[in-house]
Amino acid sequence: VQLQASGGGSVQAGGSLRLSCTVSGNISSLNNMAWYRQAPGKERELLATISSGGNTVYAASVKGRFTITRDNTKNTAYLRMNSLTPEDTALYYCYAGVNWSEDYWGQGTLVTVSS
(Lines give C-alpha, C1' and ligand atoms only; values in the text may rest on other atoms or scores of the structure.)
Protein backbone atom coordinates (compact mmCIF):
# COMPACT_ATOMS: atom_id res chain seq x y z
CA VAL A 1 0.00 0.00 0.00
CA GLN A 2 1.29 3.45 -0.91
CA LEU A 3 0.07 6.96 -0.22
CA GLN A 4 0.90 9.71 -2.67
CA ALA A 5 0.39 13.23 -1.36
CA SER A 6 0.50 16.31 -3.53
CA GLY A 7 -0.64 19.91 -3.70
CA GLY A 8 1.77 21.63 -1.39
CA GLY A 9 3.53 24.81 -2.34
CA SER A 10 4.16 28.40 -1.47
CA VAL A 11 1.33 30.86 -0.96
CA GLN A 12 0.88 34.29 0.53
CA ALA A 13 -1.02 34.82 3.75
CA GLY A 14 -4.76 34.74 3.15
CA GLY A 15 -4.38 32.36 0.24
CA SER A 16 -5.65 28.84 -0.29
CA LEU A 17 -4.29 25.44 -1.25
CA ARG A 18 -5.78 22.02 -1.79
CA LEU A 19 -3.83 18.91 -0.85
CA SER A 20 -4.58 15.49 -2.27
CA CYS A 21 -3.68 12.03 -1.01
CA THR A 22 -4.24 8.95 -3.13
CA VAL A 23 -3.99 5.44 -1.74
CA SER A 24 -2.97 2.57 -3.97
CA GLY A 25 -2.06 -1.09 -3.58
CA ASN A 26 -3.66 -4.10 -1.91
CA ILE A 27 -6.76 -2.46 -0.46
CA SER A 28 -9.79 -4.44 0.62
CA SER A 29 -11.11 -1.70 2.83
CA LEU A 30 -10.07 1.96 3.04
CA ASN A 31 -11.06 3.15 6.48
CA ASN A 32 -10.34 6.47 8.19
CA MET A 33 -8.14 8.97 6.41
CA ALA A 34 -6.56 11.99 8.01
CA TRP A 35 -4.19 14.89 7.58
CA TYR A 36 -1.43 15.79 9.99
CA ARG A 37 1.25 18.46 9.91
CA GLN A 38 4.57 19.03 11.54
CA ALA A 39 6.20 22.41 11.76
CA PRO A 40 9.92 22.83 12.49
CA GLY A 41 10.63 22.21 16.14
CA LYS A 42 7.07 21.13 16.87
CA GLU A 43 5.30 17.83 17.35
CA ARG A 44 3.13 16.30 14.67
CA GLU A 45 -0.40 17.70 14.89
CA LEU A 46 -3.60 15.95 13.84
CA LEU A 47 -5.63 18.38 11.74
CA ALA A 48 -8.63 16.53 10.37
CA THR A 49 -10.06 13.03 10.10
CA ILE A 50 -12.68 11.63 7.77
CA SER A 51 -14.33 8.24 8.07
CA SER A 52 -15.22 6.01 5.15
CA GLY A 53 -18.77 7.28 5.54
CA GLY A 54 -17.73 10.91 5.40
CA ASN A 55 -17.89 11.87 9.07
CA THR A 56 -15.30 14.53 9.88
CA VAL A 57 -13.48 15.80 12.94
CA TYR A 58 -11.23 18.87 13.03
CA ALA A 59 -8.61 20.29 15.32
CA ALA A 60 -9.57 23.60 16.87
CA SER A 61 -6.62 25.26 15.15
CA VAL A 62 -8.05 24.65 11.68
CA LYS A 63 -11.78 24.32 12.19
CA GLY A 64 -13.63 26.71 9.93
CA ARG A 65 -10.62 27.22 7.66
CA PHE A 66 -9.74 23.69 6.52
CA THR A 67 -12.08 21.14 4.97
CA ILE A 68 -11.35 17.45 4.58
CA THR A 69 -13.21 15.46 1.95
CA ARG A 70 -12.74 12.16 0.20
CA ASP A 71 -13.65 10.43 -3.03
CA ASN A 72 -13.99 6.73 -2.32
CA THR A 73 -14.13 5.91 -6.03
CA LYS A 74 -10.61 7.30 -6.35
CA ASN A 75 -9.25 6.23 -2.93
CA THR A 76 -8.34 9.87 -2.45
CA ALA A 77 -8.68 12.35 0.39
CA TYR A 78 -8.39 16.10 0.04
CA LEU A 79 -7.63 18.95 2.38
CA ARG A 80 -8.86 22.34 1.30
CA MET A 81 -7.02 25.04 3.25
CA ASN A 82 -8.32 28.60 3.26
CA SER A 83 -7.21 31.79 4.99
CA LEU A 84 -3.70 30.47 5.40
CA THR A 85 -1.31 32.20 7.79
CA PRO A 86 2.45 31.86 8.27
CA GLU A 87 1.67 29.68 11.28
CA ASP A 88 0.30 27.08 8.86
CA THR A 89 3.76 26.59 7.37
CA ALA A 90 4.65 22.93 7.88
CA LEU A 91 5.16 19.56 6.28
CA TYR A 92 1.71 18.04 5.75
CA TYR A 93 1.23 14.28 5.95
CA CYS A 94 -1.72 12.13 5.03
CA TYR A 95 -2.71 9.00 6.88
CA ALA A 96 -4.86 6.07 5.85
CA GLY A 97 -6.24 3.18 7.82
CA VAL A 98 -6.41 0.20 5.48
CA ASN A 99 -7.90 -3.27 5.77
CA TRP A 100 -9.06 -2.53 9.36
CA SER A 101 -5.69 -3.06 11.00
CA GLU A 102 -3.01 -1.42 8.86
CA ASP A 103 -1.72 2.15 9.17
CA TYR A 104 0.03 3.98 6.37
CA TRP A 105 1.54 7.44 5.96
CA GLY A 106 2.32 9.53 2.95
CA GLN A 107 5.69 11.09 2.33
CA GLY A 108 4.69 14.62 3.27
CA THR A 109 4.09 17.70 1.18
CA LEU A 110 5.49 21.09 2.16
CA VAL A 111 3.26 24.11 2.62
CA THR A 112 4.94 27.49 3.01
CA VAL A 113 2.90 30.58 3.80
CA SER A 114 4.59 33.95 3.55
CA SER A 115 3.41 37.16 5.19
# chains A, B, ... in the order shown; residues from 1 in each chain; ligands from 1
call {"tool": "residues_around", "arguments": {"residues": "region 24-40 of chain A", "least_positions_apart": "3", "cutoff": "9 Å", "atoms": "only C-alpha atoms", "output": "number ranges by chain"}}
result
A: 1-4, 43-53, 68, 70, 72, 75-79, 87-100, 108
call {"tool": "write_last_selection", "arguments": {"atoms": "N, CA and C atoms", "output": "mmCIF file, in the first residue's frame"}}
result
data_model
loop_
_atom_site.group_PDB
_atom_site.id
_atom_site.type_symbol
_atom_site.label_atom_id
_atom_site.label_comp_id
_atom_site.auth_asym_id
_atom_site.auth_seq_id
_atom_site.Cartn_x
_atom_site.Cartn_y
_atom_site.Cartn_z
ATOM 1 N N VAL A 1 0.855 -1.180 0.000
ATOM 2 C CA VAL A 1 0.000 0.000 0.000
ATOM 3 C C VAL A 1 0.893 1.232 0.000
ATOM 4 N N GLN A 2 0.538 2.196 -0.851
ATOM 5 C CA GLN A 2 1.293 3.455 -0.914
ATOM 6 C C GLN A 2 0.343 4.633 -0.875
ATOM 7 N N LEU A 3 0.804 5.706 -0.254
ATOM 8 C CA LEU A 3 0.067 6.957 -0.217
ATOM 9 C C LEU A 3 0.875 8.001 -0.965
ATOM 10 N N GLN A 4 0.245 8.668 -1.897
ATOM 11 C CA GLN A 4 0.901 9.714 -2.666
ATOM 12 C C GLN A 4 0.205 11.034 -2.375
ATOM 13 N N GLU A 43 5.781 19.192 17.490
ATOM 14 C CA GLU A 43 5.305 17.826 17.347
ATOM 15 C C GLU A 43 4.287 17.739 16.208
ATOM 16 N N ARG A 44 4.124 16.512 15.711
ATOM 17 C CA ARG A 44 3.133 16.304 14.665
ATOM 18 C C ARG A 44 1.746 16.561 15.226
ATOM 19 N N GLU A 45 0.924 17.282 14.461
ATOM 20 C CA GLU A 45 -0.405 17.704 14.895
ATOM 21 C C GLU A 45 -1.468 17.088 13.994
ATOM 22 N N LEU A 46 -2.468 16.471 14.598
ATOM 23 C CA LEU A 46 -3.603 15.949 13.839
ATOM 24 C C LEU A 46 -4.513 17.107 13.477
ATOM 25 N N LEU A 47 -4.816 17.262 12.198
ATOM 26 C CA LEU A 47 -5.629 18.384 11.738
ATOM 27 C C LEU A 47 -7.076 17.991 11.491
ATOM 28 N N ALA A 48 -7.281 16.891 10.781
ATOM 29 C CA ALA A 48 -8.633 16.533 10.366
ATOM 30 C C ALA A 48 -8.683 15.053 10.041
ATOM 31 N N THR A 49 -9.813 14.448 10.366
ATOM 32 C CA THR A 49 -10.058 13.035 10.104
ATOM 33 C C THR A 49 -11.374 12.886 9.380
ATOM 34 N N ILE A 50 -11.426 11.929 8.462
ATOM 35 C CA ILE A 50 -12.678 11.632 7.770
ATOM 36 C C ILE A 50 -12.857 10.122 7.717
ATOM 37 N N SER A 51 -14.043 9.666 8.102
ATOM 38 C CA SER A 51 -14.328 8.239 8.069
ATOM 39 C C SER A 51 -14.710 7.812 6.656
ATOM 40 N N SER A 52 -14.825 6.514 6.466
ATOM 41 C CA SER A 52 -15.225 6.012 5.152
ATOM 42 C C SER A 52 -16.625 6.489 4.791
ATOM 43 N N GLY A 53 -17.419 6.787 5.788
ATOM 44 C CA GLY A 53 -18.769 7.279 5.545
ATOM 45 C C GLY A 53 -18.865 8.782 5.417
ATOM 46 N N ILE A 68 -11.800 18.742 5.061
ATOM 47 C CA ILE A 68 -11.352 17.445 4.577
ATOM 48 C C ILE A 68 -12.515 16.764 3.861
ATOM 49 N N ARG A 70 -13.325 13.335 0.823
ATOM 50 C CA ARG A 70 -12.743 12.161 0.198
ATOM 51 C C ARG A 70 -13.608 11.694 -0.953
ATOM 52 N N ASN A 72 -14.255 8.153 -2.499
ATOM 53 C CA ASN A 72 -13.994 6.732 -2.322
ATOM 54 C C ASN A 72 -13.805 6.006 -3.645
ATOM 55 N N ASN A 75 -10.123 6.491 -4.099
ATOM 56 C CA ASN A 75 -9.255 6.233 -2.932
ATOM 57 C C ASN A 75 -8.422 7.464 -2.589
ATOM 58 N N THR A 76 -9.055 8.602 -2.625
ATOM 59 C CA THR A 76 -8.342 9.873 -2.449
ATOM 60 C C THR A 76 -9.026 10.738 -1.407
ATOM 61 N N ALA A 77 -8.207 11.344 -0.567
ATOM 62 C CA ALA A 77 -8.677 12.348 0.386
ATOM 63 C C ALA A 77 -8.082 13.696 0.005
ATOM 64 N N TYR A 78 -8.814 14.734 0.344
ATOM 65 C CA TYR A 78 -8.388 16.098 0.039
ATOM 66 C C TYR A 78 -8.410 16.935 1.300
ATOM 67 N N LEU A 79 -7.581 17.969 1.310
ATOM 68 C CA LEU A 79 -7.630 18.954 2.385
ATOM 69 C C LEU A 79 -7.625 20.324 1.741
ATOM 70 N N GLU A 87 1.660 30.737 10.274
ATOM 71 C CA GLU A 87 1.669 29.677 11.283
ATOM 72 C C GLU A 87 1.231 28.326 10.705
ATOM 73 N N ASP A 88 0.680 28.329 9.527
ATOM 74 C CA ASP A 88 0.304 27.076 8.860
ATOM 75 C C ASP A 88 1.469 26.450 8.098
ATOM 76 N N THR A 89 2.594 27.135 8.057
ATOM 77 C CA THR A 89 3.760 26.588 7.373
ATOM 78 C C THR A 89 4.222 25.312 8.068
ATOM 79 N N ALA A 90 4.298 24.227 7.305
ATOM 80 C CA ALA A 90 4.646 22.927 7.881
ATOM 81 C C ALA A 90 4.740 21.895 6.766
ATOM 82 N N LEU A 91 5.217 20.727 7.156
ATOM 83 C CA LEU A 91 5.157 19.559 6.281
ATOM 84 C C LEU A 91 3.842 18.841 6.594
ATOM 85 N N TYR A 92 3.029 18.641 5.581
ATOM 86 C CA TYR A 92 1.713 18.043 5.751
ATOM 87 C C TYR A 92 1.747 16.579 5.312
ATOM 88 N N TYR A 93 1.230 15.729 6.186
ATOM 89 C CA TYR A 93 1.229 14.285 5.947
ATOM 90 C C TYR A 93 -0.204 13.766 5.884
ATOM 91 N N CYS A 94 -0.435 12.818 5.006
ATOM 92 C CA CYS A 94 -1.717 12.132 5.027
ATOM 93 C C CYS A 94 -1.556 10.759 5.656
ATOM 94 N N TYR A 95 -2.648 10.291 6.217
ATOM 95 C CA TYR A 95 -2.707 8.997 6.885
ATOM 96 C C TYR A 95 -3.897 8.223 6.326
ATOM 97 N N ALA A 96 -3.739 6.913 6.231
ATOM 98 C CA ALA A 96 -4.856 6.070 5.847
ATOM 99 C C ALA A 96 -4.861 4.797 6.676
ATOM 100 N N GLY A 97 -6.024 4.477 7.195
ATOM 101 C CA GLY A 97 -6.236 3.183 7.816
ATOM 102 C C GLY A 97 -6.756 2.230 6.749
ATOM 103 N N VAL A 98 -6.096 1.121 6.589
ATOM 104 C CA VAL A 98 -6.414 0.204 5.483
ATOM 105 C C VAL A 98 -6.656 -1.193 6.024
ATOM 106 N N ASN A 99 -7.636 -1.865 5.448
ATOM 107 C CA ASN A 99 -7.897 -3.268 5.772
ATOM 108 C C ASN A 99 -8.072 -3.482 7.271
ATOM 109 N N TRP A 100 -8.620 -2.480 7.957
ATOM 110 C CA TRP A 100 -9.064 -2.530 9.362
ATOM 111 C C TRP A 100 -7.935 -2.587 10.390
ATOM 112 N N GLY A 108 4.671 13.228 2.841
ATOM 113 C CA GLY A 108 4.686 14.623 3.268
ATOM 114 C C GLY A 108 4.768 15.570 2.091
#
call {"tool": "residues_around", "arguments": {"residues": "Ser83 (chain A)", "least_positions_apart": "5", "cutoff": "9 Å", "atoms": "only C-alpha atoms", "output": "VMD selection string"}}
result
chain A and resid 13 to 16 65 to 66
call {"tool": "atom_distance", "arguments": {"atom1": "CA of Pro86 (chain A)", "atom2": "CA of Thr22 (chain A)"}}
result
26.5 Å
call {"tool": "select_by_dssp", "arguments": {"residues": "chain A", "states": "strand (DSSP E or B)", "output": "mmCIF file with N, CA, C and O atoms, in the first residue's frame"}}
result
data_model
loop_
_atom_site.group_PDB
_atom_site.id
_atom_site.type_symbol
_atom_site.label_atom_id
_atom_site.label_comp_id
_atom_site.auth_asym_id
_atom_site.auth_seq_id
_atom_site.Cartn_x
_atom_site.Cartn_y
_atom_site.Cartn_z
ATOM 1 N N GLN A 2 0.538 2.196 -0.851
ATOM 2 C CA GLN A 2 1.293 3.455 -0.914
ATOM 3 C C GLN A 2 0.343 4.633 -0.875
ATOM 4 O O GLN A 2 -0.771 4.560 -1.386
ATOM 5 N N LEU A 3 0.804 5.706 -0.254
ATOM 6 C CA LEU A 3 0.067 6.957 -0.217
ATOM 7 C C LEU A 3 0.875 8.001 -0.965
ATOM 8 O O LEU A 3 2.061 8.186 -0.681
ATOM 9 N N GLN A 4 0.245 8.668 -1.897
ATOM 10 C CA GLN A 4 0.901 9.714 -2.666
ATOM 11 C C GLN A 4 0.205 11.034 -2.375
ATOM 12 O O GLN A 4 -0.949 11.229 -2.758
ATOM 13 N N ALA A 5 0.928 11.911 -1.695
ATOM 14 C CA ALA A 5 0.385 13.230 -1.359
ATOM 15 C C ALA A 5 0.917 14.267 -2.328
ATOM 16 O O ALA A 5 2.067 14.181 -2.776
ATOM 17 N N SER A 6 0.091 15.237 -2.627
ATOM 18 C CA SER A 6 0.497 16.313 -3.525
ATOM 19 C C SER A 6 -0.296 17.566 -3.207
ATOM 20 O O SER A 6 -1.253 17.526 -2.426
ATOM 21 N N GLY A 9 2.875 23.740 -1.610
ATOM 22 C CA GLY A 9 3.534 24.805 -2.340
ATOM 23 C C GLY A 9 3.657 26.036 -1.498
ATOM 24 O O GLY A 9 3.475 25.996 -0.276
ATOM 25 N N SER A 10 3.989 27.129 -2.148
ATOM 26 C CA SER A 10 4.155 28.404 -1.472
ATOM 27 C C SER A 10 2.981 29.312 -1.803
ATOM 28 O O SER A 10 2.569 29.395 -2.965
ATOM 29 N N VAL A 11 2.482 29.978 -0.792
ATOM 30 C CA VAL A 11 1.333 30.861 -0.965
ATOM 31 C C VAL A 11 1.470 32.033 -0.007
ATOM 32 O O VAL A 11 2.116 31.912 1.047
ATOM 33 N N GLN A 12 0.866 33.140 -0.372
ATOM 34 C CA GLN A 12 0.877 34.293 0.528
ATOM 35 C C GLN A 12 -0.225 34.147 1.576
ATOM 36 O O GLN A 12 -1.226 33.444 1.374
ATOM 37 N N LEU A 17 -4.889 26.585 -0.566
ATOM 38 C CA LEU A 17 -4.288 25.442 -1.248
ATOM 39 C C LEU A 17 -5.195 24.238 -1.059
ATOM 40 O O LEU A 17 -5.952 24.176 -0.076
ATOM 41 N N ARG A 18 -5.092 23.277 -1.973
ATOM 42 C CA ARG A 18 -5.782 22.017 -1.793
ATOM 43 C C ARG A 18 -4.770 20.884 -1.912
ATOM 44 O O ARG A 18 -4.090 20.744 -2.934
ATOM 45 N N LEU A 19 -4.697 20.082 -0.860
ATOM 46 C CA LEU A 19 -3.828 18.913 -0.845
ATOM 47 C C LEU A 19 -4.641 17.682 -1.245
ATOM 48 O O LEU A 19 -5.831 17.586 -0.948
ATOM 49 N N SER A 20 -3.958 16.750 -1.890
ATOM 50 C CA SER A 20 -4.575 15.488 -2.274
ATOM 51 C C SER A 20 -3.732 14.334 -1.764
ATOM 52 O O SER A 20 -2.499 14.456 -1.671
ATOM 53 N N CYS A 21 -4.374 13.236 -1.457
ATOM 54 C CA CYS A 21 -3.676 12.029 -1.008
ATOM 55 C C CYS A 21 -4.380 10.831 -1.611
ATOM 56 O O CYS A 21 -5.544 10.568 -1.280
ATOM 57 N N THR A 22 -3.675 10.106 -2.464
ATOM 58 C CA THR A 22 -4.243 8.949 -3.129
ATOM 59 C C THR A 22 -3.600 7.680 -2.602
ATOM 60 O O THR A 22 -2.369 7.585 -2.510
ATOM 61 N N VAL A 23 -4.444 6.715 -2.279
ATOM 62 C CA VAL A 23 -3.994 5.442 -1.736
ATOM 63 C C VAL A 23 -4.060 4.384 -2.833
ATOM 64 O O VAL A 23 -5.065 4.281 -3.539
ATOM 65 N N SER A 24 -3.000 3.623 -2.960
ATOM 66 C CA SER A 24 -2.970 2.567 -3.970
ATOM 67 C C SER A 24 -2.373 1.303 -3.363
ATOM 68 O O SER A 24 -1.716 1.338 -2.335
ATOM 69 N N LEU A 30 -10.723 0.694 2.706
ATOM 70 C CA LEU A 30 -10.069 1.957 3.040
ATOM 71 C C LEU A 30 -10.888 2.614 4.138
ATOM 72 O O LEU A 30 -12.030 3.000 3.906
ATOM 73 N N ASN A 31 -10.334 2.710 5.297
ATOM 74 C CA ASN A 31 -11.062 3.145 6.480
ATOM 75 C C ASN A 31 -10.854 4.635 6.701
ATOM 76 O O ASN A 31 -10.928 5.415 5.763
ATOM 77 N N ASN A 32 -10.552 5.047 7.931
ATOM 78 C CA ASN A 32 -10.337 6.467 8.189
ATOM 79 C C ASN A 32 -9.142 6.999 7.407
ATOM 80 O O ASN A 32 -8.140 6.311 7.238
ATOM 81 N N MET A 33 -9.275 8.240 6.959
ATOM 82 C CA MET A 33 -8.144 8.975 6.408
ATOM 83 C C MET A 33 -7.998 10.269 7.192
ATOM 84 O O MET A 33 -8.965 10.766 7.782
ATOM 85 N N ALA A 34 -6.796 10.797 7.196
ATOM 86 C CA ALA A 34 -6.557 11.985 8.015
ATOM 87 C C ALA A 34 -5.393 12.775 7.449
ATOM 88 O O ALA A 34 -4.585 12.266 6.662
ATOM 89 N N TRP A 35 -5.332 14.024 7.889
ATOM 90 C CA TRP A 35 -4.193 14.891 7.581
ATOM 91 C C TRP A 35 -3.551 15.345 8.886
ATOM 92 O O TRP A 35 -4.252 15.713 9.838
ATOM 93 N N TYR A 36 -2.245 15.309 8.891
ATOM 94 C CA TYR A 36 -1.426 15.793 9.985
ATOM 95 C C TYR A 36 -0.466 16.851 9.426
ATOM 96 O O TYR A 36 -0.280 16.943 8.219
ATOM 97 N N ARG A 37 0.155 17.588 10.328
ATOM 98 C CA ARG A 37 1.245 18.464 9.910
ATOM 99 C C ARG A 37 2.296 18.525 11.015
ATOM 100 O O ARG A 37 2.013 18.266 12.180
ATOM 101 N N GLN A 38 3.483 18.855 10.590
ATOM 102 C CA GLN A 38 4.569 19.030 11.541
ATOM 103 C C GLN A 38 5.392 20.233 11.127
ATOM 104 O O GLN A 38 5.987 20.259 10.039
ATOM 105 N N GLU A 45 0.924 17.282 14.461
ATOM 106 C CA GLU A 45 -0.405 17.704 14.895
ATOM 107 C C GLU A 45 -1.468 17.088 13.994
ATOM 108 O O GLU A 45 -1.381 17.214 12.760
ATOM 109 N N LEU A 46 -2.468 16.471 14.598
ATOM 110 C CA LEU A 46 -3.603 15.949 13.839
ATOM 111 C C LEU A 46 -4.513 17.107 13.477
ATOM 112 O O LEU A 46 -4.961 17.835 14.359
ATOM 113 N N LEU A 47 -4.816 17.262 12.198
ATOM 114 C CA LEU A 47 -5.629 18.384 11.738
ATOM 115 C C LEU A 47 -7.076 17.991 11.491
ATOM 116 O O LEU A 47 -7.992 18.707 11.884
ATOM 117 N N ALA A 48 -7.281 16.891 10.781
ATOM 118 C CA ALA A 48 -8.633 16.533 10.366
ATOM 119 C C ALA A 48 -8.683 15.053 10.041
ATOM 120 O O ALA A 48 -7.718 14.498 9.519
ATOM 121 N N THR A 49 -9.813 14.448 10.366
ATOM 122 C CA THR A 49 -10.058 13.035 10.104
ATOM 123 C C THR A 49 -11.374 12.886 9.380
ATOM 124 O O THR A 49 -12.337 13.622 9.673
ATOM 125 N N ILE A 50 -11.426 11.929 8.462
ATOM 126 C CA ILE A 50 -12.678 11.632 7.770
ATOM 127 C C ILE A 50 -12.857 10.122 7.717
ATOM 128 O O ILE A 50 -11.927 9.392 7.356
ATOM 129 N N THR A 56 -16.547 13.767 9.744
ATOM 130 C CA THR A 56 -15.305 14.528 9.884
ATOM 131 C C THR A 56 -15.123 15.053 11.294
ATOM 132 O O THR A 56 -16.087 15.323 12.013
ATOM 133 N N VAL A 57 -13.860 15.193 11.669
ATOM 134 C CA VAL A 57 -13.477 15.800 12.942
ATOM 135 C C VAL A 57 -12.291 16.703 12.659
ATOM 136 O O VAL A 57 -11.377 16.314 11.915
ATOM 137 N N TYR A 58 -12.290 17.892 13.279
ATOM 138 C CA TYR A 58 -11.226 18.871 13.033
ATOM 139 C C TYR A 58 -10.565 19.305 14.327
ATOM 140 O O TYR A 58 -11.204 19.383 15.371
ATOM 141 N N LYS A 63 -10.352 24.406 12.400
ATOM 142 C CA LYS A 63 -11.785 24.318 12.192
ATOM 143 C C LYS A 63 -12.318 25.631 11.635
ATOM 144 O O LYS A 63 -11.982 26.707 12.134
ATOM 145 N N PHE A 66 -10.131 24.864 7.298
ATOM 146 C CA PHE A 66 -9.743 23.686 6.523
ATOM 147 C C PHE A 66 -10.952 22.766 6.376
ATOM 148 O O PHE A 66 -11.771 22.643 7.294
ATOM 149 N N THR A 67 -11.012 22.088 5.229
ATOM 150 C CA THR A 67 -12.085 21.138 4.975
ATOM 151 C C THR A 67 -11.493 19.857 4.410
ATOM 152 O O THR A 67 -10.772 19.892 3.398
ATOM 153 N N ILE A 68 -11.800 18.742 5.061
ATOM 154 C CA ILE A 68 -11.352 17.445 4.577
ATOM 155 C C ILE A 68 -12.515 16.764 3.861
ATOM 156 O O ILE A 68 -13.648 16.779 4.344
ATOM 157 N N THR A 69 -12.228 16.214 2.713
ATOM 158 C CA THR A 69 -13.213 15.458 1.946
ATOM 159 C C THR A 69 -12.527 14.214 1.377
ATOM 160 O O THR A 69 -11.299 14.082 1.457
ATOM 161 N N ARG A 70 -13.325 13.335 0.823
ATOM 162 C CA ARG A 70 -12.743 12.161 0.198
ATOM 163 C C ARG A 70 -13.608 11.694 -0.953
ATOM 164 O O ARG A 70 -14.813 11.927 -0.959
ATOM 165 N N ASP A 71 -12.964 11.041 -1.901
ATOM 166 C CA ASP A 71 -13.647 10.430 -3.035
ATOM 167 C C ASP A 71 -13.315 8.948 -2.975
ATOM 168 O O ASP A 71 -12.204 8.534 -3.342
ATOM 169 N N THR A 76 -9.055 8.602 -2.625
ATOM 170 C CA THR A 76 -8.342 9.873 -2.449
ATOM 171 C C THR A 76 -9.026 10.738 -1.407
ATOM 172 O O THR A 76 -10.255 10.830 -1.378
ATOM 173 N N ALA A 77 -8.207 11.344 -0.567
ATOM 174 C CA ALA A 77 -8.677 12.348 0.386
ATOM 175 C C ALA A 77 -8.082 13.696 0.005
ATOM 176 O O ALA A 77 -6.979 13.768 -0.569
ATOM 177 N N TYR A 78 -8.814 14.734 0.344
ATOM 178 C CA TYR A 78 -8.388 16.098 0.039
ATOM 179 C C TYR A 78 -8.410 16.935 1.300
ATOM 180 O O TYR A 78 -9.179 16.675 2.220
ATOM 181 N N LEU A 79 -7.581 17.969 1.310
ATOM 182 C CA LEU A 79 -7.630 18.954 2.385
ATOM 183 C C LEU A 79 -7.625 20.324 1.741
ATOM 184 O O LEU A 79 -6.611 20.756 1.195
ATOM 185 N N ARG A 80 -8.762 20.973 1.801
ATOM 186 C CA ARG A 80 -8.861 22.339 1.304
ATOM 187 C C ARG A 80 -8.494 23.267 2.446
ATOM 188 O O ARG A 80 -9.094 23.221 3.511
ATOM 189 N N MET A 81 -7.524 24.142 2.212
ATOM 190 C CA MET A 81 -7.024 25.036 3.246
ATOM 191 C C MET A 81 -7.239 26.473 2.796
ATOM 192 O O MET A 81 -6.686 26.891 1.765
ATOM 193 N N ALA A 90 4.298 24.227 7.305
ATOM 194 C CA ALA A 90 4.646 22.927 7.881
ATOM 195 C C ALA A 90 4.740 21.895 6.766
ATOM 196 O O ALA A 90 4.387 22.160 5.615
ATOM 197 N N LEU A 91 5.217 20.727 7.156
ATOM 198 C CA LEU A 91 5.157 19.559 6.281
ATOM 199 C C LEU A 91 3.842 18.841 6.594
ATOM 200 O O LEU A 91 3.570 18.521 7.759
ATOM 201 N N TYR A 92 3.029 18.641 5.581
ATOM 202 C CA TYR A 92 1.713 18.043 5.751
ATOM 203 C C TYR A 92 1.747 16.579 5.312
ATOM 204 O O TYR A 92 2.212 16.265 4.215
ATOM 205 N N TYR A 93 1.230 15.729 6.186
ATOM 206 C CA TYR A 93 1.229 14.285 5.947
ATOM 207 C C TYR A 93 -0.204 13.766 5.884
ATOM 208 O O TYR A 93 -1.057 14.190 6.658
ATOM 209 N N CYS A 94 -0.435 12.818 5.006
ATOM 210 C CA CYS A 94 -1.717 12.132 5.027
ATOM 211 C C CYS A 94 -1.556 10.759 5.656
ATOM 212 O O CYS A 94 -0.465 10.169 5.652
ATOM 213 N N TYR A 95 -2.648 10.291 6.217
ATOM 214 C CA TYR A 95 -2.707 8.997 6.885
ATOM 215 C C TYR A 95 -3.897 8.223 6.326
ATOM 216 O O TYR A 95 -4.937 8.814 6.019
ATOM 217 N N ALA A 96 -3.739 6.913 6.231
ATOM 218 C CA ALA A 96 -4.856 6.070 5.847
ATOM 219 C C ALA A 96 -4.861 4.797 6.676
ATOM 220 O O ALA A 96 -3.814 4.155 6.839
ATOM 221 N N GLY A 97 -6.024 4.477 7.195
ATOM 222 C CA GLY A 97 -6.236 3.183 7.816
ATOM 223 C C GLY A 97 -6.756 2.230 6.749
ATOM 224 O O GLY A 97 -7.739 2.543 6.065
ATOM 225 N N VAL A 98 -6.096 1.121 6.589
ATOM 226 C CA VAL A 98 -6.414 0.204 5.483
ATOM 227 C C VAL A 98 -6.656 -1.193 6.024
ATOM 228 O O VAL A 98 -5.954 -1.643 6.940
ATOM 229 N N GLU A 102 -4.286 -1.890 9.379
ATOM 230 C CA GLU A 102 -3.007 -1.418 8.859
ATOM 231 C C GLU A 102 -3.002 0.099 8.797
ATOM 232 O O GLU A 102 -3.998 0.717 8.418
ATOM 233 N N ASP A 103 -1.880 0.700 9.165
ATOM 234 C CA ASP A 103 -1.723 2.151 9.167
ATOM 235 C C ASP A 103 -0.628 2.539 8.183
ATOM 236 O O ASP A 103 0.471 1.977 8.223
ATOM 237 N N TYR A 104 -0.934 3.526 7.354
ATOM 238 C CA TYR A 104 0.033 3.982 6.367
ATOM 239 C C TYR A 104 0.096 5.505 6.356
ATOM 240 O O TYR A 104 -0.892 6.193 6.629
ATOM 241 N N TRP A 105 1.294 5.992 6.024
ATOM 242 C CA TRP A 105 1.540 7.439 5.962
ATOM 243 C C TRP A 105 2.097 7.807 4.592
ATOM 244 O O TRP A 105 2.868 7.053 4.008
ATOM 245 N N THR A 109 4.035 16.649 2.188
ATOM 246 C CA THR A 109 4.095 17.698 1.176
ATOM 247 C C THR A 109 4.226 19.037 1.914
ATOM 248 O O THR A 109 3.536 19.291 2.895
ATOM 249 N N LEU A 110 5.139 19.865 1.446
ATOM 250 C CA LEU A 110 5.493 21.091 2.159
ATOM 251 C C LEU A 110 4.571 22.241 1.778
ATOM 252 O O LEU A 110 4.350 22.507 0.597
ATOM 253 N N VAL A 111 4.063 22.901 2.798
ATOM 254 C CA VAL A 111 3.262 24.113 2.625
ATOM 255 C C VAL A 111 4.008 25.263 3.282
ATOM 256 O O VAL A 111 4.359 25.181 4.462
ATOM 257 N N THR A 112 4.257 26.301 2.509
ATOM 258 C CA THR A 112 4.943 27.489 3.009
ATOM 259 C C THR A 112 4.054 28.697 2.792
ATOM 260 O O THR A 112 3.646 28.970 1.653
ATOM 261 N N VAL A 113 3.759 29.406 3.873
ATOM 262 C CA VAL A 113 2.900 30.583 3.797
ATOM 263 C C VAL A 113 3.730 31.801 4.188
ATOM 264 O O VAL A 113 4.282 31.859 5.287
ATOM 265 N N SER A 114 3.802 32.740 3.291
ATOM 266 C CA SER A 114 4.588 33.953 3.546
ATOM 267 C C SER A 114 3.676 35.113 3.916
ATOM 268 O O SER A 114 2.531 35.190 3.454
#
call {"tool": "atom_distance", "arguments": {"atom1": "CA of Ala59 (chain A)", "atom2": "CA of Gly8 (chain A)"}}
result
19.7 Å
